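Worksheet for the structure shown next.
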Amino acid sequence: MKASTFVYPWDVNGDPAAPARIASLGVEQVTLAAAYHSTRALTPRHPRHRIVTAEHAAVLYPADARWEGRELRPYPAGDWAPGDAYGRAAEALAAAGLEVHSWVVLAHNSRLGADRPDTSVVNAYGDRYPWAPCIAQPATRAYLVDLAAEAAVRPGARGTELESLGWYGLQHLHAHDKTGGVGLGDAGQYLMALCFCPACRTGYGEQGLDADALAAAVREALEPLWRGAPDDGGWAGVEKLLGEETAAATRAWRDGTARTLQESAVAAVRAAAPEGFQVLLHADPVTHHVGANAGVDPGHVLSVADGVVVPCAGGPGLLTPFAVRGRADAVIAANLGIVSGMGGSPGTLTEDTARARELGATEIRLYHAGLASDADLTAVQEALAAR
(Lines give C-alpha, C1' and ligand atoms only; values in the text may rest on other atoms or scores of the structure.)
Protein backbone atom coordinates (compact mmCIF):
# COMPACT_ATOMS: atom_id res chain seq x y z
CA MET A 1 0.00 0.00 0.00
CA LYS A 2 1.59 3.24 -1.19
CA ALA A 3 2.24 5.84 1.50
CA SER A 4 2.65 9.60 1.18
CA THR A 5 3.22 12.26 3.79
CA PHE A 6 2.21 15.89 3.76
CA VAL A 7 5.05 18.43 3.86
CA TYR A 8 5.41 22.23 3.71
CA PRO A 9 8.22 23.85 1.71
CA TRP A 10 9.51 25.50 4.90
CA ASP A 11 10.03 22.04 6.42
CA VAL A 12 12.59 21.35 3.70
CA ASN A 13 14.14 24.60 2.51
CA GLY A 14 17.11 25.51 4.67
CA ASP A 15 17.32 22.04 6.23
CA PRO A 16 19.67 19.86 4.16
CA ALA A 17 18.82 16.80 6.27
CA ALA A 18 15.06 16.99 5.72
CA PRO A 19 14.68 15.13 2.38
CA ALA A 20 16.68 12.10 3.54
CA ARG A 21 14.88 12.10 6.88
CA ILE A 22 11.49 12.07 5.15
CA ALA A 23 12.58 9.35 2.72
CA SER A 24 13.84 7.24 5.63
CA LEU A 25 10.29 7.03 6.99
CA GLY A 26 9.51 4.54 4.24
CA VAL A 27 7.09 6.69 2.25
CA GLU A 28 7.23 6.61 -1.53
CA GLN A 29 5.65 10.03 -2.07
CA VAL A 30 5.35 13.49 -0.55
CA THR A 31 2.35 15.76 -0.93
CA LEU A 32 3.98 19.21 -0.94
CA ALA A 33 2.03 22.41 -0.36
CA ALA A 34 1.94 24.68 -3.42
CA ALA A 35 -0.97 26.93 -2.42
CA TYR A 36 -1.86 27.12 1.25
CA HIS A 37 -3.95 29.05 3.77
CA SER A 38 -2.66 31.05 6.73
CA THR A 39 -1.17 28.96 9.51
CA ARG A 40 1.24 28.89 12.42
CA ALA A 41 3.34 25.76 12.13
CA LEU A 42 5.94 24.01 14.24
CA THR A 43 9.26 23.03 12.63
CA PRO A 44 10.82 20.97 15.46
CA ARG A 45 14.00 19.93 13.64
CA HIS A 46 14.81 22.89 11.40
CA PRO A 47 18.30 24.33 11.97
CA ARG A 48 17.17 27.96 11.57
CA HIS A 49 13.67 28.22 13.07
CA ARG A 50 11.10 26.44 15.22
CA ILE A 51 7.91 28.34 14.32
CA VAL A 52 6.75 29.50 10.90
CA THR A 53 3.88 31.98 10.70
CA ALA A 54 2.24 32.07 7.29
CA GLU A 55 0.30 35.30 7.65
CA HIS A 56 -2.18 34.78 4.83
CA ALA A 57 -3.25 32.39 2.12
CA ALA A 58 -0.67 32.40 -0.64
CA VAL A 59 0.89 30.56 -3.54
CA LEU A 60 4.31 29.21 -2.64
CA TYR A 61 5.81 29.81 -6.09
CA PRO A 62 5.88 32.78 -8.50
CA ALA A 63 2.46 33.18 -10.12
CA ASP A 64 2.45 33.48 -13.90
CA ALA A 65 1.10 36.03 -16.37
CA ARG A 66 -2.44 34.62 -16.46
CA TRP A 67 -3.34 36.87 -13.51
CA GLU A 68 -2.34 40.18 -15.06
CA GLY A 69 -5.18 42.70 -14.93
CA ARG A 70 -7.51 40.43 -12.94
CA GLU A 71 -9.22 41.61 -9.75
CA LEU A 72 -9.10 38.19 -8.09
CA ARG A 73 -5.61 36.76 -8.11
CA PRO A 74 -3.45 34.70 -5.74
CA TYR A 75 -1.33 36.42 -3.13
CA PRO A 76 2.43 35.87 -3.07
CA ALA A 77 3.89 34.46 0.12
CA GLY A 78 5.96 36.57 2.46
CA ASP A 79 9.24 35.65 4.08
CA TRP A 80 7.83 32.30 5.22
CA ALA A 81 8.05 30.97 1.65
CA PRO A 82 9.92 33.46 -0.59
CA GLY A 83 10.40 33.06 -4.32
CA ASP A 84 9.86 29.57 -5.67
CA ALA A 85 9.77 27.90 -2.27
CA TYR A 86 7.73 25.02 -3.65
CA GLY A 87 10.15 24.44 -6.52
CA ARG A 88 13.25 24.37 -4.32
CA ALA A 89 11.65 21.92 -1.89
CA ALA A 90 10.32 19.74 -4.71
CA GLU A 91 13.77 19.42 -6.29
CA ALA A 92 15.37 18.46 -2.99
CA LEU A 93 12.70 15.87 -2.22
CA ALA A 94 12.88 14.36 -5.71
CA ALA A 95 16.66 14.11 -5.39
CA ALA A 96 16.07 11.96 -2.29
CA GLY A 97 14.06 9.52 -4.40
CA LEU A 98 10.59 10.71 -3.46
CA GLU A 99 7.72 11.17 -5.90
CA VAL A 100 6.36 14.70 -5.49
CA HIS A 101 2.69 15.63 -5.77
CA SER A 102 1.36 19.14 -5.21
CA TRP A 103 -1.05 20.04 -2.42
CA VAL A 104 -3.44 22.85 -3.36
CA VAL A 105 -5.86 24.56 -0.96
CA LEU A 106 -8.58 26.38 -2.89
CA ALA A 107 -11.82 27.80 -1.37
CA HIS A 108 -10.26 28.77 1.96
CA ASN A 109 -8.70 32.22 2.00
CA SER A 110 -9.09 34.74 4.83
CA ARG A 111 -6.95 37.36 3.07
CA LEU A 112 -9.27 37.34 0.08
CA GLY A 113 -12.26 37.72 2.39
CA ALA A 114 -10.64 40.64 4.18
CA ASP A 115 -9.66 42.45 0.98
CA ARG A 116 -12.82 41.58 -0.95
CA PRO A 117 -15.69 40.99 1.52
CA ASP A 118 -18.12 40.64 -1.38
CA THR A 119 -16.52 37.30 -2.29
CA SER A 120 -17.33 35.68 1.07
CA VAL A 121 -20.11 33.36 2.18
CA VAL A 122 -22.89 35.32 3.96
CA ASN A 123 -25.03 33.42 6.44
CA ALA A 124 -28.75 33.86 7.14
CA TYR A 125 -28.00 36.54 9.76
CA GLY A 126 -25.93 38.62 7.32
CA ASP A 127 -22.59 37.63 8.91
CA ARG A 128 -19.73 37.16 6.47
CA TYR A 129 -17.24 34.29 6.67
CA PRO A 130 -14.02 35.87 5.40
CA TRP A 131 -12.23 32.51 5.31
CA ALA A 132 -14.87 31.06 2.96
CA PRO A 133 -15.08 32.30 -0.63
CA CYS A 134 -18.54 31.64 -2.05
CA ILE A 135 -18.07 29.08 -4.79
CA ALA A 136 -21.27 30.14 -6.56
CA GLN A 137 -19.93 33.54 -7.64
CA PRO A 138 -18.73 33.48 -11.27
CA ALA A 139 -15.56 35.51 -10.68
CA THR A 140 -14.61 33.39 -7.68
CA ARG A 141 -15.20 30.19 -9.62
CA ALA A 142 -12.99 31.40 -12.46
CA TYR A 143 -10.28 32.33 -9.96
CA LEU A 144 -10.44 28.93 -8.25
CA VAL A 145 -10.36 26.99 -11.52
CA ASP A 146 -7.30 28.87 -12.76
CA LEU A 147 -5.59 28.61 -9.39
CA ALA A 148 -6.16 24.85 -9.39
CA ALA A 149 -4.54 24.49 -12.80
CA GLU A 150 -1.55 26.72 -12.02
CA ALA A 151 -0.78 25.50 -8.50
CA ALA A 152 -1.35 21.81 -9.26
CA VAL A 153 0.84 21.49 -12.33
CA ARG A 154 4.19 22.58 -10.94
CA PRO A 155 7.44 21.46 -12.60
CA GLY A 156 8.26 17.90 -11.64
CA ALA A 157 4.91 17.17 -9.95
CA ARG A 158 3.48 13.76 -10.81
CA GLY A 159 0.03 14.56 -9.49
CA THR A 160 -1.98 16.82 -7.22
CA GLU A 161 -4.34 16.77 -4.26
CA LEU A 162 -7.01 19.48 -4.31
CA GLU A 163 -8.29 20.50 -0.88
CA SER A 164 -11.27 22.73 -0.09
CA LEU A 165 -12.75 22.31 -3.56
CA GLY A 166 -16.30 22.92 -2.41
CA TRP A 167 -18.30 24.82 0.18
CA TYR A 168 -16.80 26.11 3.42
CA GLY A 169 -18.93 26.90 6.47
CA LEU A 170 -18.78 28.01 10.07
CA GLN A 171 -16.50 25.31 11.45
CA HIS A 172 -13.13 26.93 10.89
CA LEU A 173 -10.47 27.58 13.51
CA HIS A 174 -9.86 31.31 13.44
CA ALA A 175 -7.44 33.44 15.45
CA HIS A 176 -8.28 32.94 19.17
CA ASP A 177 -11.41 31.05 18.18
CA LYS A 178 -14.37 31.53 20.55
CA THR A 179 -17.19 29.71 18.78
CA GLY A 180 -17.51 26.50 20.79
CA GLY A 181 -20.00 27.75 23.39
CA VAL A 182 -23.05 26.25 21.64
CA GLY A 183 -22.83 22.82 20.05
CA LEU A 184 -24.84 23.16 16.86
CA GLY A 185 -24.29 19.65 15.56
CA ASP A 186 -24.43 18.49 11.96
CA ALA A 187 -27.82 19.95 11.07
CA GLY A 188 -27.11 23.30 12.68
CA GLN A 189 -23.75 23.53 10.97
CA TYR A 190 -25.45 23.00 7.61
CA LEU A 191 -27.91 25.80 8.26
CA MET A 192 -25.09 28.11 9.36
CA ALA A 193 -23.24 27.25 6.14
CA LEU A 194 -26.08 28.30 3.82
CA CYS A 195 -24.92 31.34 1.86
CA PHE A 196 -27.07 34.36 1.05
CA CYS A 197 -24.75 36.38 -1.17
CA PRO A 198 -26.36 37.74 -4.37
CA ALA A 199 -25.28 34.71 -6.43
CA CYS A 200 -26.76 32.24 -3.96
CA ARG A 201 -29.95 34.24 -3.53
CA THR A 202 -30.43 33.96 -7.29
CA GLY A 203 -29.63 30.27 -7.13
CA TYR A 204 -32.27 29.62 -4.50
CA GLY A 205 -34.74 31.46 -6.71
CA GLU A 206 -33.93 29.03 -9.51
CA GLN A 207 -34.93 26.24 -7.13
CA GLY A 208 -38.28 27.89 -6.41
CA LEU A 209 -37.30 29.46 -3.09
CA ASP A 210 -37.67 33.06 -2.01
CA ALA A 211 -34.29 33.99 -0.52
CA ASP A 212 -35.67 36.36 2.12
CA ALA A 213 -38.21 33.80 3.26
CA LEU A 214 -35.53 31.11 3.31
CA ALA A 215 -33.20 33.24 5.44
CA ALA A 216 -36.02 33.89 7.89
CA ALA A 217 -36.83 30.17 7.99
CA VAL A 218 -33.19 29.33 8.69
CA ARG A 219 -33.03 31.81 11.56
CA GLU A 220 -36.26 30.46 13.01
CA ALA A 221 -35.03 26.87 12.67
CA LEU A 222 -31.77 27.69 14.43
CA GLU A 223 -33.33 29.53 17.37
CA PRO A 224 -34.05 26.42 19.49
CA LEU A 225 -30.46 25.24 18.98
CA TRP A 226 -29.10 28.54 20.28
CA ARG A 227 -31.20 27.95 23.39
CA GLY A 228 -29.77 24.47 23.92
CA ALA A 229 -32.29 22.18 22.20
CA PRO A 230 -30.69 18.98 20.89
CA ASP A 231 -29.60 18.85 17.26
CA ASP A 232 -30.89 15.60 15.75
CA GLY A 233 -27.97 15.62 13.33
CA GLY A 234 -27.60 14.26 9.82
CA TRP A 235 -29.75 15.17 6.87
CA ALA A 236 -32.89 14.04 8.70
CA GLY A 237 -32.13 16.73 11.27
CA VAL A 238 -31.91 19.40 8.56
CA GLU A 239 -35.26 18.24 7.12
CA LYS A 240 -36.84 18.39 10.57
CA LEU A 241 -35.58 21.93 11.16
CA LEU A 242 -36.24 23.37 7.70
CA GLY A 243 -38.85 21.10 6.12
CA GLU A 244 -38.16 18.38 3.57
CA GLU A 245 -38.96 20.33 0.39
CA THR A 246 -37.09 23.46 1.41
CA ALA A 247 -34.09 21.47 2.61
CA ALA A 248 -34.00 19.51 -0.66
CA ALA A 249 -34.08 22.71 -2.72
CA THR A 250 -31.15 24.23 -0.83
CA ARG A 251 -29.18 21.04 -1.26
CA ALA A 252 -29.95 20.86 -4.98
CA TRP A 253 -28.49 24.35 -5.46
CA ARG A 254 -25.41 23.70 -3.36
CA ASP A 255 -24.69 20.20 -4.63
CA GLY A 256 -24.95 21.29 -8.25
CA THR A 257 -22.74 24.31 -7.64
CA ALA A 258 -20.03 22.21 -6.02
CA ARG A 259 -20.17 19.44 -8.63
CA THR A 260 -19.77 21.78 -11.57
CA LEU A 261 -16.87 23.58 -9.88
CA GLN A 262 -15.14 20.27 -9.21
CA GLU A 263 -15.67 19.21 -12.82
CA SER A 264 -14.27 22.49 -14.13
CA ALA A 265 -11.26 22.51 -11.83
CA VAL A 266 -10.28 18.93 -12.59
CA ALA A 267 -10.70 19.54 -16.32
CA ALA A 268 -8.48 22.63 -16.10
CA VAL A 269 -5.79 20.70 -14.25
CA ARG A 270 -5.88 17.90 -16.81
CA ALA A 271 -5.64 20.37 -19.68
CA ALA A 272 -2.49 21.88 -18.16
CA ALA A 273 -0.89 18.63 -17.01
CA PRO A 274 1.22 16.04 -18.80
CA GLU A 275 -0.21 12.63 -19.58
CA GLY A 276 -0.52 10.38 -16.57
CA PHE A 277 -0.83 13.25 -14.07
CA GLN A 278 -2.91 12.11 -11.09
CA VAL A 279 -5.73 14.30 -9.75
CA LEU A 280 -7.20 13.56 -6.32
CA LEU A 281 -9.73 15.50 -4.22
CA HIS A 282 -9.84 15.75 -0.44
CA ALA A 283 -13.42 14.62 0.08
CA ASP A 284 -16.19 13.61 2.46
CA PRO A 285 -18.86 11.20 1.11
CA VAL A 286 -21.77 13.27 2.52
CA THR A 287 -22.59 16.02 0.03
CA HIS A 288 -24.00 18.49 2.56
CA HIS A 289 -20.80 18.49 4.64
CA VAL A 290 -18.52 21.49 4.24
CA GLY A 291 -14.89 22.33 4.89
CA ALA A 292 -11.43 21.25 3.80
CA ASN A 293 -12.77 17.82 2.86
CA ALA A 294 -15.53 18.92 0.53
CA GLY A 295 -18.80 17.02 0.62
CA VAL A 296 -19.17 15.02 -2.61
CA ASP A 297 -21.26 12.32 -4.19
CA PRO A 298 -18.80 9.37 -4.28
CA GLY A 299 -19.94 8.01 -7.63
CA HIS A 300 -19.80 11.41 -9.28
CA VAL A 301 -16.42 12.51 -7.94
CA LEU A 302 -14.81 9.21 -8.87
CA SER A 303 -16.11 9.64 -12.41
CA VAL A 304 -14.35 13.01 -12.55
CA ALA A 305 -11.09 12.62 -10.62
CA ASP A 306 -8.60 9.77 -10.29
CA GLY A 307 -9.49 9.33 -6.66
CA VAL A 308 -9.98 10.86 -3.25
CA VAL A 309 -8.17 11.52 0.00
CA VAL A 310 -10.55 10.68 2.84
CA PRO A 311 -10.31 11.98 6.44
CA CYS A 312 -9.95 9.15 8.93
CA ALA A 313 -9.31 11.05 12.17
CA GLY A 314 -12.63 9.77 13.50
CA GLY A 315 -12.05 6.27 12.17
CA PRO A 316 -12.00 4.77 8.68
CA GLY A 317 -15.77 4.57 8.15
CA LEU A 318 -15.89 7.33 5.51
CA LEU A 319 -13.83 5.12 3.17
CA THR A 320 -16.65 2.65 2.57
CA PRO A 321 -18.95 4.80 0.37
CA PHE A 322 -16.04 5.52 -1.97
CA ALA A 323 -14.93 1.89 -2.08
CA VAL A 324 -18.45 0.74 -2.88
CA ARG A 325 -19.04 3.32 -5.62
CA GLY A 326 -15.54 3.63 -7.07
CA ARG A 327 -13.89 2.32 -10.20
CA ALA A 328 -11.47 -0.57 -9.87
CA ASP A 329 -8.54 1.74 -10.63
CA ALA A 330 -9.64 4.60 -8.37
CA VAL A 331 -7.25 5.81 -5.69
CA ILE A 332 -8.88 5.80 -2.26
CA ALA A 333 -6.34 7.23 0.15
CA ALA A 334 -6.93 7.10 3.91
CA ASN A 335 -5.69 10.26 5.61
CA LEU A 336 -4.22 9.20 8.97
CA GLY A 337 -2.94 11.54 11.67
CA ILE A 338 0.60 10.86 12.92
CA VAL A 339 1.10 13.94 15.11
CA SER A 340 0.28 12.70 18.61
CA GLY A 341 0.14 16.24 19.99
CA MET A 342 -2.63 17.05 17.49
CA GLY A 343 -4.71 13.94 18.18
CA GLY A 344 -2.89 11.61 15.79
CA SER A 345 -1.95 8.03 16.67
CA PRO A 346 1.37 7.03 15.10
CA GLY A 347 1.63 4.12 17.55
CA THR A 348 -1.40 2.41 15.99
CA LEU A 349 -0.48 3.14 12.38
CA THR A 350 -0.05 -0.54 11.53
CA GLU A 351 -3.50 -1.41 12.83
CA ASP A 352 -5.10 1.71 11.34
CA THR A 353 -3.59 0.97 7.94
CA ALA A 354 -4.84 -2.62 8.03
CA ARG A 355 -8.34 -1.51 8.96
CA ALA A 356 -8.33 1.14 6.23
CA ARG A 357 -7.30 -1.50 3.69
CA GLU A 358 -10.18 -3.74 4.81
CA LEU A 359 -12.61 -0.89 4.15
CA GLY A 360 -11.30 -0.19 0.67
CA ALA A 361 -8.27 2.10 1.00
CA THR A 362 -5.67 1.62 -1.71
CA GLU A 363 -3.14 4.13 -0.31
CA ILE A 364 -2.46 6.06 2.89
CA ARG A 365 -1.62 9.69 3.60
CA LEU A 366 0.24 10.68 6.75
CA TYR A 367 -0.47 14.05 8.32
CA HIS A 368 2.18 15.48 8.75
CA ALA A 369 5.93 14.71 8.64
CA GLY A 370 7.00 18.31 9.22
CA LEU A 371 4.82 18.79 12.32
CA ALA A 372 5.50 15.44 14.00
CA SER A 373 7.88 14.90 16.89
CA ASP A 374 10.92 12.65 16.66
CA ALA A 375 9.05 9.98 18.61
CA ASP A 376 6.12 10.19 16.20
CA LEU A 377 8.43 9.80 13.20
CA THR A 378 10.16 6.79 14.77
CA ALA A 379 6.77 5.13 15.24
CA VAL A 380 5.89 5.83 11.60
CA GLN A 381 9.21 4.46 10.39
CA GLU A 382 8.69 1.24 12.35
CA ALA A 383 5.12 0.82 11.11
CA LEU A 384 5.99 1.37 7.47
CA ALA A 385 8.97 -0.95 7.68
CA ALA A 386 6.62 -3.72 8.83
CA ARG A 387 4.29 -3.37 5.82
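Identifiers in this document derive from the order of the C-alpha coordinates: chains are assigned A, B, ..., residues are numbered from 1 separately in each chain, and ligands are numbered from 1 in order of occurrence.
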
*Give the strand (DSSP E or B) residues of range 19-183 of chain A, as assigned by DSSP on the backbone, as a VMD selection string.*
chain A and resid 29 to 36 39 to 42 51 to 54 58 to 59 76 99 to 105 120 to 122 128 to 133 159 to 163

*If we count only C-alpha atoms, what is near Leu318 in chain A at a cut-off of 10 Å, once residues fewer than 4 positions away on the same chain are taken out, given as an MDAnalysis selection string?*
chainID A and resid 283:286 310:312 314 322:323 334 356 359

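Residues within 12 Å of Glu275 in chain A, counting only C-alpha atoms and excluding same-chain residues fewer than 5 positions away, are Val153, Ala157, Arg158, Gly159, Val269 and Arg270 of chain A.
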
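Within range 289-323 of chain A, DSSP run on the backbone puts these residues in helix (DSSP H, G or I): A:Pro298, A:Gly299, A:His300, A:Val301, A:Leu302, A:Ser303, A:Val304, A:Pro316, A:Gly317, A:Leu318, A:Leu319, A:Thr320, A:Pro321, A:Phe322, A:Ala323.
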
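Counting only C-alpha atoms, the residue from A:Ala107, A:Leu60, A:Leu336, A:Leu93 that sits nearest to Tyr168 in chain A is A:Ala107.
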
Contacts of Thr31 in chain A within 7 Å, only C-alpha atoms, excl. fewer than 4 positions in-chain, as an mmCIF file with N, CA, C and O atoms, in the first residue's frame:
data_model
loop_
_atom_site.group_PDB
_atom_site.id
_atom_site.type_symbol
_atom_site.label_atom_id
_atom_site.label_comp_id
_atom_site.auth_asym_id
_atom_site.auth_seq_id
_atom_site.Cartn_x
_atom_site.Cartn_y
_atom_site.Cartn_z
ATOM 1 N N SER A 4 2.147 8.249 1.419
ATOM 2 C CA SER A 4 2.652 9.598 1.176
ATOM 3 C C SER A 4 2.480 10.403 2.449
ATOM 4 O O SER A 4 1.552 10.157 3.230
ATOM 5 N N THR A 5 3.365 11.371 2.654
ATOM 6 C CA THR A 5 3.220 12.264 3.794
ATOM 7 C C THR A 5 3.114 13.702 3.326
ATOM 8 O O THR A 5 3.715 14.090 2.324
ATOM 9 N N PHE A 6 2.330 14.470 4.039
ATOM 10 C CA PHE A 6 2.210 15.895 3.757
ATOM 11 C C PHE A 6 3.439 16.626 4.285
ATOM 12 O O PHE A 6 3.977 16.286 5.348
ATOM 13 N N VAL A 7 3.858 17.648 3.516
ATOM 14 C CA VAL A 7 5.048 18.432 3.862
ATOM 15 C C VAL A 7 4.833 19.866 3.391
ATOM 16 O O VAL A 7 4.185 20.101 2.362
ATOM 17 N N VAL A 100 6.940 13.471 -6.022
ATOM 18 C CA VAL A 100 6.359 14.697 -5.486
ATOM 19 C C VAL A 100 5.009 14.978 -6.140
ATOM 20 O O VAL A 100 4.901 14.987 -7.374
ATOM 21 N N HIS A 101 4.001 15.188 -5.312
ATOM 22 C CA HIS A 101 2.685 15.628 -5.768
ATOM 23 C C HIS A 101 2.393 16.968 -5.095
ATOM 24 O O HIS A 101 2.798 17.198 -3.958
ATOM 25 N N SER A 102 1.686 17.836 -5.779
ATOM 26 C CA SER A 102 1.355 19.144 -5.212
ATOM 27 C C SER A 102 0.127 19.039 -4.321
ATOM 28 O O SER A 102 -0.744 18.190 -4.509
ATOM 29 N N TRP A 103 0.065 19.955 -3.380
ATOM 30 C CA TRP A 103 -1.050 20.045 -2.415
ATOM 31 C C TRP A 103 -1.606 21.458 -2.543
ATOM 32 O O TRP A 103 -0.908 22.433 -2.280
#

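Of the residues under consideration (A:Arg66, A:Lys2, A:Arg88, A:Arg355), A:Arg88 shows the shortest atom-to-atom contact distance to Gly14 in chain A when counting only C-alpha atoms.
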
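Every protein, DNA or RNA residue with an atom at most 10 Å from Glu150 in chain A, where only C-alpha atoms count and chain neighbours fewer than 5 positions away do not, is listed here: A:Ala34, A:Ala35, A:Val59, A:Tyr61, A:Ala63, A:Asp64, A:Arg66, A:Val104, A:Leu144, A:Val145, A:Ala268, A:Val269, A:Ala272, A:Ala273.
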
Find the residues of range 119-192 of chain A that sit at most 8 Å from range 258-265 of chain A; for each, write down the nearest two atoms and how far apart they are in Å, to one decimal. Count only C-alpha atoms. Sort by chain, then by number going up, and give it as CSV.
residue,atom,partner,partner_atom,distance
A:Ile135,CA,A:Ala258,CA,7.2
A:Arg141,CA,A:Leu261,CA,6.8
A:Leu144,CA,A:Ala265,CA,7.4
A:Val145,CA,A:Ala265,CA,4.6
A:Asp146,CA,A:Ala265,CA,7.5
A:Ala148,CA,A:Ala265,CA,6.1
A:Ala149,CA,A:Ala265,CA,7.1
A:Leu165,CA,A:Gln262,CA,6.5
A:Gly166,CA,A:Ala258,CA,5.2
A:Trp167,CA,A:Ala258,CA,6.9

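Among the candidate residues A:Glu55, A:Ala20, A:Thr119, A:Ala136, the one lying nearest to Ala94 in chain A is A:Ala20, with distances computed using only C-alpha atoms.
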
*Top pick for closest residue to Val290 in chain A, considering A:Arg327, A:His172, A:Arg357, A:His368 and counting only C-alpha atoms*: A:His172

*Any idea what's packed within 9 Å of Ala375 in chain A, counting only C-alpha atoms, ignoring anything in its chain fewer than 4 positions away? Could you give it as a VMD selection string?*
chain A and resid 346 379 to 380

Restricting the output to N, CA and C atoms, write the selected residues as a CSV table (one decimal), in the first residue's frame.
chain,number,residue,atom,x,y,z
A,346,PRO,N,0.3,7.7,15.9
A,346,PRO,CA,1.4,7.0,15.1
A,346,PRO,C,1.6,5.6,15.7
A,379,ALA,N,7.9,6.1,15.3
A,379,ALA,CA,6.8,5.1,15.2
A,379,ALA,C,6.3,4.9,13.8
A,380,VAL,N,6.3,6.0,13.0
A,380,VAL,CA,5.9,5.8,11.6
A,380,VAL,C,6.9,5.0,10.9

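Between Ala57 in chain A and the candidates A:Ala33, A:Ile22, A:Leu384, A:Ala95, the tightest atom-to-atom separation, counting only C-alpha atoms, involves A:Ala33.
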